[in-house]
Structures are given as C-alpha cells and as structure tokens.
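Presented below is the structure to which this report refers.
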Amino acid sequence: MIRSIVHIPLAAAGLLLSAAASAAQPGTPAATVIAIPPITTPDTGVKGNEMLGLGWQATELIAADLRQTSEAMPLPPNRKDYYSYPEVTAPTFSKWRAAGAKALVTGFVQSRSDGRLTFGCYVYDVEKGRELGRKGFIVGGGDDWRRAAHKCSGLAYTAITGAPSMFDTRIAYVAESGAAASRVKRVAVMDSDGYNHSYLTAGDTIVLTPRMSPKGGRLAYVGFTAGKPQVRIVDLASSQQRSLLAGDSISFAPRYSPDGTKIVFSMMLGDNSDIYVAPATGGIPQRLTTSPGIDTDPSFSPDGSKIVFESDRGGSQQLYVMNADGSAQRRISFGGAWYAAPDWSPDGEWIAFTQRTTAGRRIGIMKPDGTGEKILTNGPADEGPSWAASSRELIFQRGAGNGSALFRLSLDGSEPRMMNIPQGGSDPDWSGVMD
Amino acid sequence: MRKALFLVPVALIAGAASAQIRVPLLAPRQPPAPVLVGIDALRADFQAHAGTDTVYFGAVNAQLGPPARAVLQAQALWLLQHPEVVVRIEGHGEVSDTRDHALAMGARRAEEVRTALVLMGVPTGQLTTMSWGKERPGPPRAVTVLVR
C-alpha cells in the first residue's frame, strides 16, 4: 500500500551544514550531533494534547532514523525540551550549543479542518544560528505521519551529508520460511525501517529477485507460476499480476531503467543466456548481447546511458559495461576472483557486486571503470547487494545456518547490521526516494 | 546388587506377556505391491528401465560425462518406446553460485540433456526444459521428470 503525502511549500533556501564541507577535526566525533527536541503544535486543548502525542512519536521516529546512520548522532529526545510554536522558527541556539549539538531539528504538527494534518520540519546549523532547510507536508490519517517524519529525517540527513536520504524508501525482498528443500518464498515489501510490512505473493510458487520500479508503483520479479522461471510484473496498488513476455522462454534477472519505461533482463535461447531490453508494459524484447556465455544481472547507470552486467564469456563470471543499446561491451573486473550480481549506485560513482572465491561469496564495490575495488564483508555466503538512495549504504542477503537474513551495510567500514524482519529473507531491493 | 534388583521385574513382565500371547508366530505377510496407474506406473517403469532419472555434472559446467551419457541412452530408449510420454528436464545450479548465474547454469544443464536426447533420436515434442537455479539444494544435476 502506498500512503499519501502532499508536499507544501515553506519558502526557504537549501543549505549544507558547514561542518559537512570541512573534514572532521581530530578529537571530534565523525558523526554530527543533532538535537531533536519534541515536535510542538499550535493547537490547544484536547486537540493540542493529541497533536503533542503525535509530535512526540514523530520526534522519536526521526531520532531512530538518524541513529541508524553513521553520519548523524542524535541526542536522545527529552520531553523537558518542549518549545512553543513560535520557537519552531526562532530556536534558542545557545541552549543547543551548550548541549554539544551541531544541528537542530524543530517542527510542528497541526490538525486541519478536513481531518488531515499539516506537518512542518526545520533544520538549523546551531553554531552559525542559521536555517539549513525546511519542508512542509499534508498527510492523511492512520500512520501517514510516519512518511512526513521520514521526510524530516531525510531533510536533516541531506543537510549534514549532502547526499539523498533513504528514510522514506521501501525495501522489497523474498520472505523465506520452511526447510531448504521445500522453502516457501513470498515477495514482501516494507518501509526501510521494517514498518508497514506486507506480502505480495501467496507462497504457492517460488519467487525470486523482486525489483521495484523507480516510482515504486510496480515491481518486477521472477516467478515459477508457469512451471519455469519467468519475469512477471505486479502492480502494487491493485495487486494485479502478469507476465512481462508472451513466449514461454526462461527469463530472469529483471531491472527497471531509471525512467521506469524499460526493463532489462536475461532470457535463455537454447543453452545461451543473453541480455534483452523490453518496454516495461510488455512487447517485443530487443537483444543487447550475443556472446555464447551466460550474460545476466544487468543494471542501468543512473542516467540510463550504460548497463553493467555479468558474463562468463571469458571462462569465469566477470563484470562488463556496455552502452544501453548493447554497443561497446568491455570487461571492468580484473581482481583475480569471480564477480557477479552488479548494482550501479544512484549517484553513479560505484558498482556493488558479489565476489566469488573458493572462500565463499562477499560484497564489494568498484568504480565503473573497474578501479578502486574494495571488499566490504567477510562472507562466506553474502550475496545480492542493492544500493540505498544515499549511495552510502547497501542492503544484501547473508546465508546463515539453513536460511538467510537481510543485512544493512554502511560504506564507512562498520559491521553489517541484521534487519529485523518477520522471517528469513533474500534478494533485497532498496527503492529510490519516493515523492 | 542394584542391577540384579532391576532385572527381576523386567523378567517377570516378559514372562507375563508371553503367557498371555499364545498365538503361534506366523511369517509376516508381504504387503501387496501398490497398484500404480497412469503417470505413476509410467514413472516407475521409466525408473526401472533407465536406472535413474538423474544425471550429474561437474562444478561450474554443463558437460555430460560418459556415465551421464549412458544414463541418457537408457532414458532415450525408453522414451522412444513411449512416444506418448512428455518429460520436463529440470536443471539445477550450485548453492554456492549467485542467484541468477545458478538459474542460467541450471537451464544450460537441462538444455544439454535435451540436446543429447534429441541426438539419440527422441522427438523434440517429447522434451521440455526448466531450471530450478539453486532453489533445490543438491549436487549439480539434471532430472528427467515425466509430465504425462
């Protein structure tokens, strides 16, 4: 389910926190300390109390969002730091300076006559005493306020880092339960914090590799509905499903183009797997590769002009880059191992991959020209990295015991953190920022 | 001493039991062989004549060795005698492989078996292929499954 959120203009300039531009000073924490006092309300009486309660929940959610990152260090919200509505735009900077905060988040929540809520969010540079950004939203009932809070966390994160935020994003993955030989697999989607979890398929057939469309309205995946793996499309609003292609070929490894109009995927023709591209609405696929090897796992560059993919045409799995029309194919991985399952970062700077050696599978990144290779995990059964919208974090699956789990990995070198999901998980896909 | 104390009641119970059951022992009756009909009978017959429904591959390749070819020869013989039967050749990849490469390897192994059976004279109309990728753990293999 997609929850509604309406952006409203709160005129202001978007600035970057001064600390972000300069490198961290020795002796100071690498993460930016952020104060998040409880979000206030202009409402009074019973309504005012209700709004304050909601504001407190939103405050805690914003702190929880920022605590998940390696760049921000939120001070624990304290109810005693309550401020009045006029102070939203005129905070007492000296107080937060004394508390050691570099940045400050304030906000308000206000009830509307139509039953919806207005949500305002402001981020300040405490040292300079100036505003870095503000955002306003109108949200519906239920838990729609969570999206506004995530957007507010994102405003603060972007002010600190300059990078897009990933709080108001979704994660699609394959939920796994049961024994290995008869595993039940279902496509599941959830908010990036694990909230709002739902299943999209019933678990009566095997499903693999869900990939969300850029706007999050549709999802491509591989299903065994027809007795063999084939790319299928599900509309998230209506839950309607269909095959991408008319034929009965084996097709797999789908990914949307950045503009959402095309899907690139692998298809078997005899014993040969090549990469094809087709309109996202279906239609005649166009063949992009012709090598006799296994060409698979294509992923577009963020500008849509290039595709990185995996091929064993040279005898082992390696990464290749080509133009989006299939021309100028060239190998980029030369690290001596096998490389698979590439994913191009949203900022275009990196390609994440699964490295295969005799010691197992590990997650790494390299530049699109093949330089700067870094291995980020220890394995031995790590697989299928997918980028966060920030391009500073990855999600991947890690096999453990008889099953597998989802892990988040920050590029700063910290340990991967296991995500809290209702059962086992594999094949994660992290969405871009949603409007 | 303690051991002996325990043994006595056990012996008494055993004696009581044998005293009550005075039925002469009969040779256990053979359970009747299950009557297989339709596809189940065909599958049993296929197994009996071909020896096995499965051929194995080396790691990270789809090449059929001499033992696998011998199995396929027997499968082909049976399929030629049963032209009404359609089979689905299910290829498997390695669990240590990545998701999509394993799918392609499974498909490639299934296709290799299909090609071998065709070269042994089996009509293409009797043969379909699919891949499990690494969804069914086990050694690299292809399984010939009778569909109808």
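Identifiers for the structure tokens are assigned positionally: chains receive A, B, ... in sequence, residues are indexed from 1 per chain, and ligands are indexed from 1 in the order shown.
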Handout entry: 7 Å contact set for segment 98-107 of chain A, only C-alpha atoms, chain neighbours under 5 positions out, as number ranges by chain
Key = A: 32-37, 39-40, 88, 120-127
Take the residues that were just selected and, keeping N, CA and C atoms, output them as a PDB file, in the first residue's frame.
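So the final result, stored in selection_22.pdb, reads:
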```pdb
ATOM      1  N   THR A  32      27.809  13.860  13.103  1.00  0.00           N
ATOM      2  CA  THR A  32      27.291  15.161  13.509  1.00  0.00           C
ATOM      3  C   THR A  32      26.231  14.985  14.596  1.00  0.00           C
ATOM      4  N   VAL A  33      26.438  15.662  15.722  1.00  0.00           N
ATOM      5  CA  VAL A  33      25.474  15.573  16.825  1.00  0.00           C
ATOM      6  C   VAL A  33      24.259  16.448  16.500  1.00  0.00           C
ATOM      7  N   ILE A  34      23.084  15.846  16.556  1.00  0.00           N
ATOM      8  CA  ILE A  34      21.843  16.561  16.220  1.00  0.00           C
ATOM      9  C   ILE A  34      20.910  16.549  17.431  1.00  0.00           C
ATOM     10  N   ALA A  35      20.372  17.740  17.763  1.00  0.00           N
ATOM     11  CA  ALA A  35      19.350  17.820  18.815  1.00  0.00           C
ATOM     12  C   ALA A  35      17.975  17.727  18.167  1.00  0.00           C
ATOM     13  N   ILE A  36      17.113  16.904  18.751  1.00  0.00           N
ATOM     14  CA  ILE A  36      15.755  16.752  18.235  1.00  0.00           C
ATOM     15  C   ILE A  36      14.768  16.896  19.402  1.00  0.00           C
ATOM     16  N   PRO A  37      14.498  18.135  19.854  1.00  0.00           N
ATOM     17  CA  PRO A  37      13.510  18.337  20.913  1.00  0.00           C
ATOM     18  C   PRO A  37      12.110  17.971  20.409  1.00  0.00           C
ATOM     19  N   ILE A  39       8.603  17.660  18.906  1.00  0.00           N
ATOM     20  CA  ILE A  39       7.867  18.463  17.925  1.00  0.00           C
ATOM     21  C   ILE A  39       6.616  19.052  18.591  1.00  0.00           C
ATOM     22  N   THR A  40       6.363  20.332  18.317  1.00  0.00           N
ATOM     23  CA  THR A  40       5.307  21.051  19.023  1.00  0.00           C
ATOM     24  C   THR A  40       4.051  21.193  18.155  1.00  0.00           C
ATOM     25  N   VAL A  88       9.547  27.368  16.903  1.00  0.00           N
ATOM     26  CA  VAL A  88       9.889  26.463  15.802  1.00  0.00           C
ATOM     27  C   VAL A  88      10.822  27.168  14.833  1.00  0.00           C
ATOM     28  N   GLY A 120       5.225  20.415   9.668  1.00  0.00           N
ATOM     29  CA  GLY A 120       6.315  21.298   9.269  1.00  0.00           C
ATOM     30  C   GLY A 120       7.616  20.851   9.906  1.00  0.00           C
ATOM     31  N   CYS A 121       8.707  20.970   9.170  1.00  0.00           N
ATOM     32  CA  CYS A 121      10.001  20.468   9.648  1.00  0.00           C
ATOM     33  C   CYS A 121      11.099  21.457   9.280  1.00  0.00           C
ATOM     34  N   TYR A 122      11.981  21.762  10.234  1.00  0.00           N
ATOM     35  CA  TYR A 122      13.032  22.769  10.041  1.00  0.00           C
ATOM     36  C   TYR A 122      14.354  22.213  10.549  1.00  0.00           C
ATOM     37  N   VAL A 123      15.432  22.518   9.810  1.00  0.00           N
ATOM     38  CA  VAL A 123      16.762  22.073  10.238  1.00  0.00           C
ATOM     39  C   VAL A 123      17.671  23.297  10.315  1.00  0.00           C
ATOM     40  N   TYR A 124      18.427  23.376  11.433  1.00  0.00           N
ATOM     41  CA  TYR A 124      19.289  24.537  11.671  1.00  0.00           C
ATOM     42  C   TYR A 124      20.739  24.125  11.891  1.00  0.00           C
ATOM     43  N   ASP A 125      21.635  25.031  11.481  1.00  0.00           N
ATOM     44  CA  ASP A 125      23.042  24.954  11.861  1.00  0.00           C
ATOM     45  C   ASP A 125      23.166  25.677  13.198  1.00  0.00           C
ATOM     46  N   VAL A 126      23.429  24.947  14.272  1.00  0.00           N
ATOM     47  CA  VAL A 126      23.411  25.523  15.611  1.00  0.00           C
ATOM     48  C   VAL A 126      24.567  26.504  15.814  1.00  0.00           C
ATOM     49  N   GLU A 127      25.727  26.163  15.295  1.00  0.00           N
ATOM     50  CA  GLU A 127      26.898  27.023  15.504  1.00  0.00           C
ATOM     51  C   GLU A 127      26.727  28.381  14.824  1.00  0.00           C
TER      52      GLU A 127
END
```
Set the distance at 8 Å and use only C-alpha atoms: which residues neighbour Val145 of chain B once local chain neighbours fewer than 3 positions away are removed? I'd like the list as a short mmCIF file (atom, residue, chain, number, x, y, z; two decimals) with N, CA and C atoms, in the first residue's frame.
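Full text of selection_39.cif as output:
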```cif
data_model
loop_
_atom_site.label_atom_id
_atom_site.label_comp_id
_atom_site.auth_asym_id
_atom_site.auth_seq_id
_atom_site.Cartn_x
_atom_site.Cartn_y
_atom_site.Cartn_z
N ASP B 53 16.59 -41.29 -12.95
CA ASP B 53 16.07 -40.13 -13.70
C ASP B 53 17.05 -38.96 -13.66
N VAL B 87 8.34 -35.35 -21.19
CA VAL B 87 9.15 -35.15 -19.99
C VAL B 87 9.56 -33.69 -19.84
N ARG B 88 9.80 -33.31 -18.59
CA ARG B 88 10.36 -31.99 -18.30
C ARG B 88 11.74 -32.22 -17.70
N ILE B 89 12.75 -31.70 -18.37
CA ILE B 89 14.12 -31.86 -17.87
C ILE B 89 14.42 -30.67 -16.97
N GLU B 90 14.65 -30.96 -15.68
CA GLU B 90 14.84 -29.90 -14.69
C GLU B 90 16.32 -29.77 -14.33
#
```
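Taking only C-alpha atoms into account, chain B lies nearest to A:Arg362 out of the set A:Arg287, A:Arg330, A:Arg97, A:Arg362.
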Problem - Residue neighbourhood Pro137 of chain B, 8 Å, only C-alpha atoms, exclusion window fewer than 2 positions, as a ChimeraX atom specification - result: /A:180-181 /B:94-95,134-135,139
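Between atom CA of Gln68 of chain A and atom CA of Pro416 of chain A the interatomic distance comes to 11.6 Å.
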Mind running chain B against chain A at 9 Å and telling me each contacting residue's nearest atom pair with the distance in Å (one decimal), counting only C-alpha atoms, chain and number ascending, as a tab-separated table?
```
residue	atom	partner	partner_atom	distance
B:Ser96	CA	A:Gly360	CA	7.3
B:Asp97	CA	A:Arg356	CA	8.0
B:Thr98	CA	A:Glu383	CA	6.9
B:Arg99	CA	A:Gly384	CA	8.0
B:Asp100	CA	A:Ala253	CA	6.3
B:His101	CA	A:Thr296	CA	6.9
B:Leu103	CA	A:Phe252	CA	8.1
B:Ala104	CA	A:Ser273	CA	6.5
B:Met105	CA	A:Ile294	CA	8.0
B:Ala107	CA	A:Asp271	CA	6.7
B:Arg108	CA	A:Asp271	CA	4.6
B:Arg109	CA	A:Asp271	CA	7.8
B:Ala110	CA	A:Asp271	CA	8.3
B:Glu111	CA	A:Asp271	CA	5.5
B:Glu112	CA	A:Asp271	CA	7.1
B:Thr129	CA	A:Lys228	CA	8.2
B:Met130	CA	A:Lys228	CA	5.2
B:Ser131	CA	A:Lys228	CA	6.5
B:Trp132	CA	A:Lys228	CA	7.7
B:Gly133	CA	A:Pro229	CA	8.9
B:Glu135	CA	A:Ala181	CA	7.5
B:Arg136	CA	A:Ala181	CA	5.3
B:Pro137	CA	A:Ala181	CA	6.3
B:Gly138	CA	A:Ala181	CA	8.9
```
Exercise for the section: List the neighbours of Val122 of chain B out to 7 Å using only C-alpha atoms; skip same-chain residues closer than 6 positions along the sequence, and give me the result as number ranges by chain. Expected result: B: 76, 79-80
Got time to write the residues from that selection, C-alpha atoms, as a PDB file, in the first residue's frame?
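The resulting file, out-v4.pdb, is reproduced below:
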```pdb
ATOM      1  CA  ALA B  76      16.221 -42.238 -24.703  1.00  0.00           C
ATOM      2  CA  LEU B  79      11.228 -42.534 -24.373  1.00  0.00           C
ATOM      3  CA  LEU B  80      11.376 -43.894 -27.933  1.00  0.00           C
TER       4      LEU B  80
END
```
Handout entry: Which of segment 63-294 of chain A DSSP labels strand (DSSP E), written as a VMD selection string
Key = chain A and resid 72 to 74 103 to 111 117 to 125 130 to 139 170 to 177 184 to 191 198 to 199 207 to 212 218 to 223 230 to 235 241 to 243 251 to 256 262 to 269 272 to 279 286 to 287
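The interatomic distance for the pair atom CA of Leu219 of chain A and atom CA of Arg232 of chain A works out to 8.4 Å.
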Exercise for the section: Would you please give, as number ranges by chain, all residues of segment 14-162 of chain A that DSSP assigns to alpha helix (DSSP H) based on the backbone? Expected result: A: 18-21, 45-67, 93-98, 145-161
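If only C-alpha atoms are the atoms counted, then among A:Gly335, A:Gly326, A:Pro164, A:Gly129 the closest residue to Glu393 of chain A is A:Pro164.
With only C-alpha atoms taken into account, the protein and nucleic acid residues at most 7 Å from segment 304-307 of chain A (excluding it and anything under 3 positions from it in its own chain) are Ser257, Pro258, Pro298, Ser299, Phe300, Ser301, Val321, Met322, Asn323 and Ala324 of chain A.
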